[in-house]
Amino acid sequence: MDLDDYRVRGAGKAKLSEYKPDDNGGLERAEAEAELPDLLRRMQDLQQCLYAEKKRSLLLVLQGRDASGKDGTIKHVAGGFNPLGTHVMAFKAPNELERAHDFLWRIHHHVPPAGHVAIFNRSHYEDILVPTVEKLQPKHVIEPRYDHIRRFEELLHDSGTCILKFFLHISKDEQRERLQERLDSPEKRWKFDPHDLKARAAWDEFTAVYQQIFVRTSTEDAPWHIIPADRKWFRNWLVARIIIRALERMDLQYPASPPGLEGMKIA
């Protein structure tokens, strides 16, 4: 299996219909689940080097429809990182203060400093997605945001931030089952939001906007990956593998120790 099969490259590969939400990459569940602990340990080892080097950072962007597994991915994959060097931010609808600034103002504050990992549960892409589908802003306001985001991510990359963007691709049938499970389970009912049904009714509209986002903002330095999300175990395995590959390609190095420490003995 080639991890690049899940990476958006060009307009043709930005169509969600070209990706199977229940894809398993040819893996068996037992195989993937058995390998995941080793992957998480490798992630933490690489994160430790990132933290020690303090020159670069990692930003993970998670987008997806309701019940696609953003929280689960953070828990089961990103939870493998050391919390000391990790920041998780869940972006909701902008508040009054945030609306009084440009749409990226609230985002920039949460990008990772050198040596750290940041995980966005939803992100600046909501400021294109929701206003477009729900017609909250006119086109002349939304349209420039594609360019603003590309330039913003280019700035982050040039400043040493590795950006990975994941769209958790869930099928409509699987989403129905997960939303119904939330309604049927008292311990999960708190997670159900009636607004989720409104978004579900606009499934095709959200699909169209997401595909525009992929086409216009998946770049070599800030790529989108379409992650099959119907099988949670494969989602977790695939995201972990992509993160590890990106960190390994950074060629992280521990800083040199101060002179005179070689052979030193503590009395």
# chains A, B, ... in the order shown; residues from 1 in each chain; ligands from 1

$ select_by_dssp --residues "stretch 79-208 of chain A" --states "strand (DSSP E)" --output "PyMOL selection string"
chain A and resi 86-90+117-121+161-169

$ write_last_selection --atoms "N, CA, C and O atoms" --output "PDB file, in the first residue's frame"
ATOM      1  N   THR A  86       2.493  19.022  23.410  1.00  0.00           N
ATOM      2  CA  THR A  86       1.343  18.901  22.513  1.00  0.00           C
ATOM      3  C   THR A  86       0.219  19.841  22.927  1.00  0.00           C
ATOM      4  O   THR A  86      -0.092  19.970  24.114  1.00  0.00           O
ATOM      5  N   HIS A  87      -0.375  20.497  21.945  1.00  0.00           N
ATOM      6  CA  HIS A  87      -1.504  21.389  22.196  1.00  0.00           C
ATOM      7  C   HIS A  87      -2.655  20.971  21.284  1.00  0.00           C
ATOM      8  O   HIS A  87      -2.474  20.840  20.070  1.00  0.00           O
ATOM      9  N   VAL A  88      -3.833  20.753  21.866  1.00  0.00           N
ATOM     10  CA  VAL A  88      -5.029  20.400  21.101  1.00  0.00           C
ATOM     11  C   VAL A  88      -6.019  21.546  21.189  1.00  0.00           C
ATOM     12  O   VAL A  88      -6.319  22.036  22.288  1.00  0.00           O
ATOM     13  N   MET A  89      -6.523  21.968  20.044  1.00  0.00           N
ATOM     14  CA  MET A  89      -7.490  23.065  20.016  1.00  0.00           C
ATOM     15  C   MET A  89      -8.700  22.656  19.182  1.00  0.00           C
ATOM     16  O   MET A  89      -8.560  22.253  18.030  1.00  0.00           O
ATOM     17  N   ALA A  90      -9.884  22.732  19.800  1.00  0.00           N
ATOM     18  CA  ALA A  90     -11.135  22.463  19.090  1.00  0.00           C
ATOM     19  C   ALA A  90     -11.779  23.801  18.734  1.00  0.00           C
ATOM     20  O   ALA A  90     -12.132  24.577  19.624  1.00  0.00           O
ATOM     21  N   VAL A 117       3.964  20.143  18.964  1.00  0.00           N
ATOM     22  CA  VAL A 117       2.926  19.612  18.077  1.00  0.00           C
ATOM     23  C   VAL A 117       1.615  20.295  18.432  1.00  0.00           C
ATOM     24  O   VAL A 117       1.276  20.428  19.613  1.00  0.00           O
ATOM     25  N   ALA A 118       0.868  20.731  17.426  1.00  0.00           N
ATOM     26  CA  ALA A 118      -0.478  21.260  17.638  1.00  0.00           C
ATOM     27  C   ALA A 118      -1.458  20.452  16.801  1.00  0.00           C
ATOM     28  O   ALA A 118      -1.148  20.068  15.664  1.00  0.00           O
ATOM     29  N   ILE A 119      -2.631  20.194  17.373  1.00  0.00           N
ATOM     30  CA  ILE A 119      -3.673  19.424  16.690  1.00  0.00           C
ATOM     31  C   ILE A 119      -4.929  20.269  16.675  1.00  0.00           C
ATOM     32  O   ILE A 119      -5.420  20.687  17.728  1.00  0.00           O
ATOM     33  N   PHE A 120      -5.439  20.524  15.485  1.00  0.00           N
ATOM     34  CA  PHE A 120      -6.666  21.307  15.321  1.00  0.00           C
ATOM     35  C   PHE A 120      -7.836  20.358  15.063  1.00  0.00           C
ATOM     36  O   PHE A 120      -7.846  19.621  14.078  1.00  0.00           O
ATOM     37  N   ASN A 121      -8.814  20.369  15.949  1.00  0.00           N
ATOM     38  CA  ASN A 121     -10.076  19.665  15.756  1.00  0.00           C
ATOM     39  C   ASN A 121     -11.031  20.667  15.106  1.00  0.00           C
ATOM     40  O   ASN A 121     -11.576  21.535  15.777  1.00  0.00           O
ATOM     41  N   THR A 161       7.179  25.002  10.232  1.00  0.00           N
ATOM     42  CA  THR A 161       6.073  24.145  10.645  1.00  0.00           C
ATOM     43  C   THR A 161       5.718  23.161   9.538  1.00  0.00           C
ATOM     44  O   THR A 161       5.424  23.563   8.407  1.00  0.00           O
ATOM     45  N   CYS A 162       5.745  21.879   9.872  1.00  0.00           N
ATOM     46  CA  CYS A 162       5.272  20.831   8.966  1.00  0.00           C
ATOM     47  C   CYS A 162       3.763  20.714   9.137  1.00  0.00           C
ATOM     48  O   CYS A 162       3.277  20.552  10.259  1.00  0.00           O
ATOM     49  N   ILE A 163       3.019  20.823   8.044  1.00  0.00           N
ATOM     50  CA  ILE A 163       1.550  20.829   8.099  1.00  0.00           C
ATOM     51  C   ILE A 163       1.014  19.570   7.419  1.00  0.00           C
ATOM     52  O   ILE A 163       1.339  19.289   6.271  1.00  0.00           O
ATOM     53  N   LEU A 164       0.171  18.840   8.156  1.00  0.00           N
ATOM     54  CA  LEU A 164      -0.541  17.696   7.603  1.00  0.00           C
ATOM     55  C   LEU A 164      -2.029  17.917   7.816  1.00  0.00           C
ATOM     56  O   LEU A 164      -2.468  18.164   8.940  1.00  0.00           O
ATOM     57  N   LYS A 165      -2.803  17.798   6.741  1.00  0.00           N
ATOM     58  CA  LYS A 165      -4.246  18.032   6.823  1.00  0.00           C
ATOM     59  C   LYS A 165      -4.976  16.732   6.482  1.00  0.00           C
ATOM     60  O   LYS A 165      -4.701  16.120   5.451  1.00  0.00           O
ATOM     61  N   PHE A 166      -5.877  16.335   7.386  1.00  0.00           N
ATOM     62  CA  PHE A 166      -6.590  15.068   7.231  1.00  0.00           C
ATOM     63  C   PHE A 166      -8.094  15.334   7.141  1.00  0.00           C
ATOM     64  O   PHE A 166      -8.671  15.973   8.027  1.00  0.00           O
ATOM     65  N   PHE A 167      -8.709  14.805   6.095  1.00  0.00           N
ATOM     66  CA  PHE A 167     -10.166  14.782   6.012  1.00  0.00           C
ATOM     67  C   PHE A 167     -10.618  13.365   6.317  1.00  0.00           C
ATOM     68  O   PHE A 167     -10.257  12.417   5.604  1.00  0.00           O
ATOM     69  N   LEU A 168     -11.381  13.202   7.393  1.00  0.00           N
ATOM     70  CA  LEU A 168     -11.875  11.887   7.784  1.00  0.00           C
ATOM     71  C   LEU A 168     -13.145  11.601   6.988  1.00  0.00           C
ATOM     72  O   LEU A 168     -14.202  12.189   7.235  1.00  0.00           O
ATOM     73  N   HIS A 169     -13.020  10.685   6.047  1.00  0.00           N
ATOM     74  CA  HIS A 169     -14.041  10.445   5.025  1.00  0.00           C
ATOM     75  C   HIS A 169     -14.985   9.325   5.474  1.00  0.00           C
ATOM     76  O   HIS A 169     -14.663   8.141   5.371  1.00  0.00           O
TER      77      HIS A 169
END

$ select_by_dssp --residues "stretch 2-34 of chain A" --states "alpha helix (DSSP H)" --output "VMD selection string"
chain A and resid 29 to 34

$ write_last_selection --atoms "N, CA and C atoms" --output "CSV table (one decimal), in the first residue's frame"
chain,number,residue,atom,x,y,z
A,29,ARG,N,-7.8,-6.3,10.3
A,29,ARG,CA,-8.0,-5.5,11.6
A,29,ARG,C,-6.9,-5.9,12.6
A,30,ALA,N,-6.8,-7.2,12.8
A,30,ALA,CA,-5.9,-7.7,13.9
A,30,ALA,C,-4.5,-7.2,13.6
A,31,GLU,N,-4.1,-7.2,12.4
A,31,GLU,CA,-2.7,-6.8,12.0
A,31,GLU,C,-2.5,-5.3,12.3
A,32,ALA,N,-3.4,-4.5,11.9
A,32,ALA,CA,-3.3,-3.0,12.1
A,32,ALA,C,-3.3,-2.7,13.6
A,33,GLU,N,-4.2,-3.3,14.4
A,33,GLU,CA,-4.3,-3.1,15.8
A,33,GLU,C,-3.1,-3.5,16.6
A,34,ALA,N,-2.5,-4.6,16.1
A,34,ALA,CA,-1.3,-5.1,16.8
A,34,ALA,C,-0.1,-4.2,16.5

$ residues_around --residues "A:Ala229" --least-positions-apart "4" --cutoff "8 Å" --atoms "only C-alpha atoms" --output "PyMOL selection string"
chain A and resi 21-22+68-69+168-171+234-235

$ closest_residue --among "A:Leu156, A:Val130, A:Leu58, A:Leu3" --to "A:His108" --atoms "only C-alpha atoms"
A:Leu156

$ residues_around --residues "A:Ile128" --least-positions-apart "5" --cutoff "8 Å" --atoms "only C-alpha atoms" --output "MDAnalysis selection string"
chainID A and resid 142 145:146

$ write_last_selection --atoms "C-alpha atoms" --output "compact mmCIF listing (two decimals), in the first residue's frame"
# COMPACT_ATOMS: atom_id res chain seq x y z
CA ILE A 142 -15.48 33.94 1.23
CA ARG A 145 -10.11 33.15 1.96
CA TYR A 146 -8.73 30.36 -0.22

$ atom_distance --atom1 "atom CA of A:Ile149" --atom2 "atom CA of A:Lys75"
27.0 Å

$ atom_distance --atom1 "atom CA of A:Gly80" --atom2 "atom CA of A:Arg245"
15.3 Å

$ closest_residue --among "A:Leu261, A:Ala93, A:Ala208, A:Ile266" --to "A:Ala14" --atoms "only C-alpha atoms"
A:Ala208

$ atom_distance --atom1 "atom CA of A:Ile227" --atom2 "atom CA of A:Asp196"
20.7 Å

$ residues_around --residues "stretch 186-192 of chain A" --least-positions-apart "5" --cutoff "12 Å" --atoms "only C-alpha atoms" --output "JSON, numbers by chain"
{"A": [66, 67, 71, 176, 178, 179, 180, 181, 197]}

$ residues_around --residues "A:Ile242" --least-positions-apart "5" --cutoff "12 Å" --atoms "only C-alpha atoms" --output "compact mmCIF listing (two decimals) with all heavy atoms, in the first residue's frame"
# COMPACT_ATOMS: atom_id res chain seq x y z
N ASP A 2 0.53 2.22 -0.84
CA ASP A 2 1.26 3.47 -0.95
C ASP A 2 0.50 4.55 -0.19
O ASP A 2 -0.66 4.83 -0.50
CB ASP A 2 1.41 3.84 -2.43
CG ASP A 2 2.32 5.04 -2.65
OD1 ASP A 2 2.64 5.74 -1.67
OD2 ASP A 2 2.69 5.28 -3.81
N LEU A 3 1.14 5.16 0.80
CA LEU A 3 0.48 6.22 1.57
C LEU A 3 0.06 7.39 0.70
O LEU A 3 -0.91 8.09 0.99
CB LEU A 3 1.41 6.71 2.69
CG LEU A 3 1.81 5.69 3.76
CD1 LEU A 3 2.70 6.35 4.81
CD2 LEU A 3 0.59 5.06 4.41
N ASP A 4 0.77 7.59 -0.41
CA ASP A 4 0.43 8.70 -1.30
C ASP A 4 -0.88 8.47 -2.04
O ASP A 4 -1.41 9.40 -2.66
CB ASP A 4 1.56 8.94 -2.30
CG ASP A 4 2.72 9.68 -1.67
OD1 ASP A 4 2.49 10.46 -0.72
OD2 ASP A 4 3.88 9.48 -2.10
N ASP A 5 -1.41 7.26 -2.00
CA ASP A 5 -2.72 7.01 -2.61
C ASP A 5 -3.81 7.81 -1.90
O ASP A 5 -4.89 8.02 -2.47
CB ASP A 5 -3.06 5.52 -2.53
CG ASP A 5 -2.22 4.68 -3.47
OD1 ASP A 5 -1.59 5.26 -4.40
OD2 ASP A 5 -2.17 3.45 -3.29
N TYR A 6 -3.55 8.21 -0.68
CA TYR A 6 -4.55 8.94 0.11
C TYR A 6 -4.29 10.45 0.13
O TYR A 6 -5.00 11.18 0.80
CB TYR A 6 -4.56 8.39 1.54
CG TYR A 6 -4.86 6.91 1.57
CD1 TYR A 6 -3.82 5.97 1.57
CD2 TYR A 6 -6.16 6.44 1.53
CE1 TYR A 6 -4.09 4.62 1.55
CE2 TYR A 6 -6.44 5.09 1.50
CZ TYR A 6 -5.40 4.18 1.52
OH TYR A 6 -5.68 2.83 1.50
N ARG A 7 -3.30 10.86 -0.61
CA ARG A 7 -2.94 12.27 -0.66
C ARG A 7 -3.59 12.93 -1.87
O ARG A 7 -3.60 12.36 -2.96
CB ARG A 7 -1.42 12.42 -0.73
CG ARG A 7 -0.93 13.85 -0.85
CD ARG A 7 0.58 13.92 -0.70
NE ARG A 7 1.07 15.26 -0.95
CZ ARG A 7 2.28 15.68 -0.59
NH1 ARG A 7 3.10 14.84 0.03
NH2 ARG A 7 2.67 16.90 -0.85
N LEU A 39 3.66 1.90 16.47
CA LEU A 39 3.60 3.17 15.73
C LEU A 39 3.53 4.35 16.70
O LEU A 39 4.21 5.37 16.50
CB LEU A 39 2.40 3.18 14.79
CG LEU A 39 2.40 2.15 13.65
CD1 LEU A 39 1.13 2.27 12.83
CD2 LEU A 39 3.63 2.32 12.77
N LEU A 40 2.75 4.22 17.74
CA LEU A 40 2.62 5.31 18.70
C LEU A 40 3.92 5.54 19.46
O LEU A 40 4.29 6.68 19.75
CB LEU A 40 1.47 5.02 19.67
CG LEU A 40 0.08 4.88 19.06
CD1 LEU A 40 -0.97 4.72 20.15
CD2 LEU A 40 -0.25 6.07 18.16
N MET A 43 6.10 7.45 17.12
CA MET A 43 5.67 8.84 17.11
C MET A 43 6.25 9.60 18.29
O MET A 43 6.74 10.73 18.15
CB MET A 43 4.14 8.93 17.12
CG MET A 43 3.48 8.73 15.77
SD MET A 43 1.66 8.63 15.91
CE MET A 43 1.30 10.05 16.94
N LEU A 60 -1.17 19.37 12.89
CA LEU A 60 -2.12 18.40 12.34
C LEU A 60 -3.50 19.04 12.30
O LEU A 60 -4.00 19.51 13.32
CB LEU A 60 -2.15 17.13 13.20
CG LEU A 60 -0.81 16.47 13.50
CD1 LEU A 60 -1.02 15.27 14.41
CD2 LEU A 60 -0.12 16.06 12.20
N VAL A 77 -4.72 8.22 18.40
CA VAL A 77 -3.49 8.41 17.64
C VAL A 77 -2.67 9.54 18.24
O VAL A 77 -1.56 9.32 18.73
CB VAL A 77 -3.78 8.69 16.15
CG1 VAL A 77 -2.46 8.86 15.38
CG2 VAL A 77 -4.59 7.55 15.54
N ILE A 163 3.02 20.82 8.04
CA ILE A 163 1.55 20.83 8.10
C ILE A 163 1.01 19.57 7.42
O ILE A 163 1.34 19.29 6.27
CB ILE A 163 0.98 22.07 7.40
CG1 ILE A 163 1.58 23.36 8.00
CG2 ILE A 163 -0.55 22.09 7.50
CD1 ILE A 163 1.26 24.60 7.19
N LEU A 164 0.17 18.84 8.16
CA LEU A 164 -0.54 17.70 7.60
C LEU A 164 -2.03 17.92 7.82
O LEU A 164 -2.47 18.16 8.94
CB LEU A 164 -0.12 16.40 8.29
CG LEU A 164 1.33 15.95 8.12
CD1 LEU A 164 1.60 14.72 8.98
CD2 LEU A 164 1.65 15.66 6.66
N LYS A 165 -2.80 17.80 6.74
CA LYS A 165 -4.25 18.03 6.82
C LYS A 165 -4.98 16.73 6.48
O LYS A 165 -4.70 16.12 5.45
CB LYS A 165 -4.65 19.17 5.88
CG LYS A 165 -3.95 20.49 6.22
CD LYS A 165 -4.31 21.62 5.29
CE LYS A 165 -3.81 21.42 3.88
NZ LYS A 165 -3.86 22.65 3.06
N PHE A 166 -5.88 16.33 7.39
CA PHE A 166 -6.59 15.07 7.23
C PHE A 166 -8.09 15.33 7.14
O PHE A 166 -8.67 15.97 8.03
CB PHE A 166 -6.33 14.16 8.43
CG PHE A 166 -4.89 13.79 8.64
CD1 PHE A 166 -4.13 14.40 9.62
CD2 PHE A 166 -4.29 12.83 7.83
CE1 PHE A 166 -2.81 14.06 9.81
CE2 PHE A 166 -2.95 12.48 8.03
CZ PHE A 166 -2.22 13.09 9.01
N PRO A 223 -0.23 19.38 2.44
CA PRO A 223 -1.11 18.49 1.68
C PRO A 223 -2.35 18.05 2.45
O PRO A 223 -2.32 17.93 3.68
CB PRO A 223 -0.21 17.28 1.39
CG PRO A 223 0.72 17.25 2.58
CD PRO A 223 0.98 18.69 2.92
N TRP A 224 -3.41 17.80 1.71
CA TRP A 224 -4.59 17.13 2.25
C TRP A 224 -4.46 15.62 2.04
O TRP A 224 -3.99 15.18 1.00
CB TRP A 224 -5.86 17.61 1.54
CG TRP A 224 -6.42 18.89 2.09
CD1 TRP A 224 -6.34 20.13 1.53
CD2 TRP A 224 -7.17 19.04 3.30
NE1 TRP A 224 -6.98 21.04 2.33
CE2 TRP A 224 -7.51 20.41 3.42
CE3 TRP A 224 -7.59 18.15 4.29
CZ2 TRP A 224 -8.25 20.92 4.49
CZ3 TRP A 224 -8.32 18.64 5.37
CH2 TRP A 224 -8.64 20.01 5.46
N HIS A 225 -4.91 14.87 3.04
CA HIS A 225 -5.02 13.41 2.92
C HIS A 225 -6.48 13.03 3.18
O HIS A 225 -7.08 13.49 4.15
CB HIS A 225 -4.13 12.70 3.94
CG HIS A 225 -2.66 12.92 3.70
ND1 HIS A 225 -1.99 14.03 4.15
CD2 HIS A 225 -1.74 12.16 3.03
CE1 HIS A 225 -0.73 13.95 3.79
NE2 HIS A 225 -0.54 12.83 3.11
N ILE A 226 -7.02 12.20 2.31
CA ILE A 226 -8.39 11.70 2.47
C ILE A 226 -8.29 10.37 3.21
O ILE A 226 -7.79 9.38 2.66
CB ILE A 226 -9.10 11.53 1.13
CG1 ILE A 226 -8.94 12.79 0.26
CG2 ILE A 226 -10.58 11.19 1.35
CD1 ILE A 226 -9.54 14.03 0.86
N ILE A 227 -8.78 10.34 4.44
CA ILE A 227 -8.62 9.17 5.30
C ILE A 227 -9.93 8.40 5.38
O ILE A 227 -10.94 8.93 5.88
CB ILE A 227 -8.20 9.59 6.73
CG1 ILE A 227 -6.93 10.45 6.69
CG2 ILE A 227 -8.02 8.35 7.61
CD1 ILE A 227 -5.71 9.75 6.15
N ARG A 235 -8.46 3.87 10.09
CA ARG A 235 -8.26 5.31 10.22
C ARG A 235 -7.08 5.60 11.14
O ARG A 235 -6.19 6.38 10.81
CB ARG A 235 -9.54 5.94 10.79
CG ARG A 235 -9.47 7.41 11.14
CD ARG A 235 -10.56 7.76 12.14
NE ARG A 235 -10.28 7.20 13.47
CZ ARG A 235 -11.19 7.06 14.43
NH1 ARG A 235 -12.45 7.36 14.20
NH2 ARG A 235 -10.83 6.57 15.60
N ASN A 236 -7.06 4.96 12.31
CA ASN A 236 -6.00 5.21 13.29
C ASN A 236 -4.64 4.79 12.75
O ASN A 236 -3.65 5.51 12.88
CB ASN A 236 -6.30 4.46 14.59
CG ASN A 236 -7.56 4.95 15.27
OD1 ASN A 236 -8.02 6.07 15.02
ND2 ASN A 236 -8.12 4.13 16.14
N TRP A 237 -4.58 3.61 12.16
CA TRP A 237 -3.32 3.09 11.62
C TRP A 237 -2.78 4.01 10.53
O TRP A 237 -1.59 4.34 10.53
CB TRP A 237 -3.55 1.68 11.08
CG TRP A 237 -2.33 1.01 10.53
CD1 TRP A 237 -1.45 0.22 11.20
CD2 TRP A 237 -1.86 1.08 9.17
NE1 TRP A 237 -0.46 -0.21 10.34
CE2 TRP A 237 -0.69 0.30 9.10
CE3 TRP A 237 -2.32 1.72 8.02
CZ2 TRP A 237 0.03 0.15 7.91
CZ3 TRP A 237 -1.61 1.58 6.84
CH2 TRP A 237 -0.45 0.79 6.80
N LEU A 247 7.39 13.06 10.00
CA LEU A 247 8.41 13.38 11.00
C LEU A 247 9.77 12.80 10.60
O LEU A 247 10.81 13.44 10.81
CB LEU A 247 7.98 12.85 12.37
CG LEU A 247 6.86 13.62 13.06
CD1 LEU A 247 6.35 12.84 14.28
CD2 LEU A 247 7.34 15.01 13.49
N GLU A 248 9.77 11.61 10.04
CA GLU A 248 11.04 11.01 9.62
C GLU A 248 11.67 11.81 8.48
O GLU A 248 12.90 11.97 8.43
CB GLU A 248 10.82 9.56 9.20
CG GLU A 248 10.52 8.63 10.38
CD GLU A 248 10.24 7.20 9.97
OE1 GLU A 248 9.88 6.97 8.79
OE2 GLU A 248 10.37 6.31 10.84
N ARG A 249 10.85 12.33 7.59
CA ARG A 249 11.38 13.12 6.48
C ARG A 249 11.96 14.46 6.94
O ARG A 249 12.72 15.09 6.20
CB ARG A 249 10.28 13.34 5.44
CG ARG A 249 9.96 12.09 4.62
CD ARG A 249 8.83 12.33 3.65
NE ARG A 249 8.63 11.19 2.75
CZ ARG A 249 7.67 11.12 1.84
NH1 ARG A 249 6.79 12.12 1.72
NH2 ARG A 249 7.57 10.05 1.06

$ closest_residue --among "A:His140, A:Lys20, A:Lys198, A:Arg65" --to "A:Arg122" --atoms "only C-alpha atoms"
A:Arg65

$ residues_around --residues "A:Gln212" --least-positions-apart "3" --cutoff "12 Å" --atoms "only C-alpha atoms" --output "PyMOL selection string"
chain A and resi 8+10-16+125+128-129+132+143+146+205-209+215-218+224

$ closest_residue --among "A:Arg99, A:His116, A:Arg151, A:Arg41" --to "A:Lys55" --atoms "only C-alpha atoms"
A:His116

$ closest_residue --among "A:His157, A:Ser185, A:Lys232, A:Gly72" --to "A:Thr219" --atoms "only C-alpha atoms"
A:His157

$ closest_residue --among "A:Gly160, A:Pro228, A:Pro258, A:Gly79" --to "A:Leu59" --atoms "only C-alpha atoms"
A:Gly160

$ decode --residues "stretch 66-146 of chain A" --atoms "C-alpha atoms" --output "PDB file, in the first residue's frame"
ATOM      1  CA  ASP A  66     -20.109  14.998  12.245  1.00  0.00           C
ATOM      2  CA  ALA A  67     -19.273  11.595  13.787  1.00  0.00           C
ATOM      3  CA  SER A  68     -16.383  11.037  11.367  1.00  0.00           C
ATOM      4  CA  GLY A  69     -14.017  10.397  14.273  1.00  0.00           C
ATOM      5  CA  LYS A  70     -12.037  13.575  14.914  1.00  0.00           C
ATOM      6  CA  ASP A  71     -12.191  13.103  18.692  1.00  0.00           C
ATOM      7  CA  GLY A  72     -11.387   9.407  18.346  1.00  0.00           C
ATOM      8  CA  THR A  73      -8.363  10.116  16.176  1.00  0.00           C
ATOM      9  CA  ILE A  74      -7.045  12.580  18.739  1.00  0.00           C
ATOM     10  CA  LYS A  75      -7.596  10.076  21.547  1.00  0.00           C
ATOM     11  CA  HIS A  76      -6.209   6.957  19.892  1.00  0.00           C
ATOM     12  CA  VAL A  77      -3.486   8.406  17.639  1.00  0.00           C
ATOM     13  CA  ALA A  78      -2.470  11.879  18.751  1.00  0.00           C
ATOM     14  CA  GLY A  79      -2.800  10.605  22.305  1.00  0.00           C
ATOM     15  CA  GLY A  80       0.466   8.826  21.601  1.00  0.00           C
ATOM     16  CA  PHE A  81       2.299  12.146  21.796  1.00  0.00           C
ATOM     17  CA  ASN A  82       3.764  13.412  25.050  1.00  0.00           C
ATOM     18  CA  PRO A  83       1.267  15.980  26.423  1.00  0.00           C
ATOM     19  CA  LEU A  84       4.185  18.175  27.517  1.00  0.00           C
ATOM     20  CA  GLY A  85       4.851  19.199  23.930  1.00  0.00           C
ATOM     21  CA  THR A  86       1.343  18.901  22.513  1.00  0.00           C
ATOM     22  CA  HIS A  87      -1.504  21.389  22.196  1.00  0.00           C
ATOM     23  CA  VAL A  88      -5.029  20.400  21.101  1.00  0.00           C
ATOM     24  CA  MET A  89      -7.490  23.065  20.016  1.00  0.00           C
ATOM     25  CA  ALA A  90     -11.135  22.463  19.090  1.00  0.00           C
ATOM     26  CA  PHE A  91     -12.465  25.338  17.007  1.00  0.00           C
ATOM     27  CA  LYS A  92     -16.146  26.130  17.462  1.00  0.00           C
ATOM     28  CA  ALA A  93     -18.191  28.910  15.889  1.00  0.00           C
ATOM     29  CA  PRO A  94     -16.281  32.192  16.349  1.00  0.00           C
ATOM     30  CA  ASN A  95     -17.303  34.281  19.354  1.00  0.00           C
ATOM     31  CA  GLU A  96     -17.937  38.030  19.355  1.00  0.00           C
ATOM     32  CA  LEU A  97     -14.291  38.935  19.938  1.00  0.00           C
ATOM     33  CA  GLU A  98     -13.101  36.591  17.202  1.00  0.00           C
ATOM     34  CA  ARG A  99     -15.660  37.943  14.732  1.00  0.00           C
ATOM     35  CA  ALA A 100     -14.300  41.440  15.378  1.00  0.00           C
ATOM     36  CA  HIS A 101     -10.950  40.371  13.869  1.00  0.00           C
ATOM     37  CA  ASP A 102      -9.896  38.814  10.582  1.00  0.00           C
ATOM     38  CA  PHE A 103     -10.870  35.152  10.322  1.00  0.00           C
ATOM     39  CA  LEU A 104      -7.302  33.877  10.828  1.00  0.00           C
ATOM     40  CA  TRP A 105      -6.701  35.899  14.004  1.00  0.00           C
ATOM     41  CA  ARG A 106      -8.019  33.184  16.301  1.00  0.00           C
ATOM     42  CA  ILE A 107      -6.106  30.504  14.394  1.00  0.00           C
ATOM     43  CA  HIS A 108      -2.641  32.031  14.422  1.00  0.00           C
ATOM     44  CA  HIS A 109      -2.591  32.179  18.199  1.00  0.00           C
ATOM     45  CA  HIS A 110      -2.722  28.362  18.372  1.00  0.00           C
ATOM     46  CA  VAL A 111      -0.099  27.352  15.799  1.00  0.00           C
ATOM     47  CA  PRO A 112       2.705  25.303  17.388  1.00  0.00           C
ATOM     48  CA  PRO A 113       5.921  26.979  18.527  1.00  0.00           C
ATOM     49  CA  ALA A 114       9.255  25.404  17.645  1.00  0.00           C
ATOM     50  CA  GLY A 115       9.591  21.960  19.194  1.00  0.00           C
ATOM     51  CA  HIS A 116       5.866  21.418  19.667  1.00  0.00           C
ATOM     52  CA  VAL A 117       2.926  19.612  18.077  1.00  0.00           C
ATOM     53  CA  ALA A 118      -0.478  21.260  17.638  1.00  0.00           C
ATOM     54  CA  ILE A 119      -3.673  19.424  16.690  1.00  0.00           C
ATOM     55  CA  PHE A 120      -6.666  21.307  15.321  1.00  0.00           C
ATOM     56  CA  ASN A 121     -10.076  19.665  15.756  1.00  0.00           C
ATOM     57  CA  ARG A 122     -11.731  21.594  12.952  1.00  0.00           C
ATOM     58  CA  SER A 123      -9.810  24.639  11.802  1.00  0.00           C
ATOM     59  CA  HIS A 124      -9.616  27.736   9.631  1.00  0.00           C
ATOM     60  CA  TYR A 125     -11.328  25.717   6.897  1.00  0.00           C
ATOM     61  CA  GLU A 126     -14.606  26.027   8.790  1.00  0.00           C
ATOM     62  CA  ASP A 127     -14.509  29.713   7.816  1.00  0.00           C
ATOM     63  CA  ILE A 128     -14.954  28.667   4.200  1.00  0.00           C
ATOM     64  CA  LEU A 129     -17.085  25.570   4.664  1.00  0.00           C
ATOM     65  CA  VAL A 130     -19.914  26.708   6.941  1.00  0.00           C
ATOM     66  CA  PRO A 131     -20.391  30.256   5.578  1.00  0.00           C
ATOM     67  CA  THR A 132     -20.574  28.858   2.040  1.00  0.00           C
ATOM     68  CA  VAL A 133     -23.083  26.080   2.709  1.00  0.00           C
ATOM     69  CA  GLU A 134     -25.230  28.066   5.132  1.00  0.00           C
ATOM     70  CA  LYS A 135     -24.862  31.287   3.097  1.00  0.00           C
ATOM     71  CA  LEU A 136     -23.679  33.280   6.103  1.00  0.00           C
ATOM     72  CA  GLN A 137     -21.292  35.424   4.070  1.00  0.00           C
ATOM     73  CA  PRO A 138     -21.400  36.752   0.497  1.00  0.00           C
ATOM     74  CA  LYS A 139     -19.153  35.155  -2.085  1.00  0.00           C
ATOM     75  CA  HIS A 140     -16.875  38.185  -2.327  1.00  0.00           C
ATOM     76  CA  VAL A 141     -16.006  37.713   1.374  1.00  0.00           C
ATOM     77  CA  ILE A 142     -15.482  33.937   1.230  1.00  0.00           C
ATOM     78  CA  GLU A 143     -13.670  33.638  -2.094  1.00  0.00           C
ATOM     79  CA  PRO A 144     -10.429  35.438  -1.050  1.00  0.00           C
ATOM     80  CA  ARG A 145     -10.111  33.152   1.962  1.00  0.00           C
ATOM     81  CA  TYR A 146      -8.727  30.358  -0.216  1.00  0.00           C
TER      82      TYR A 146
END
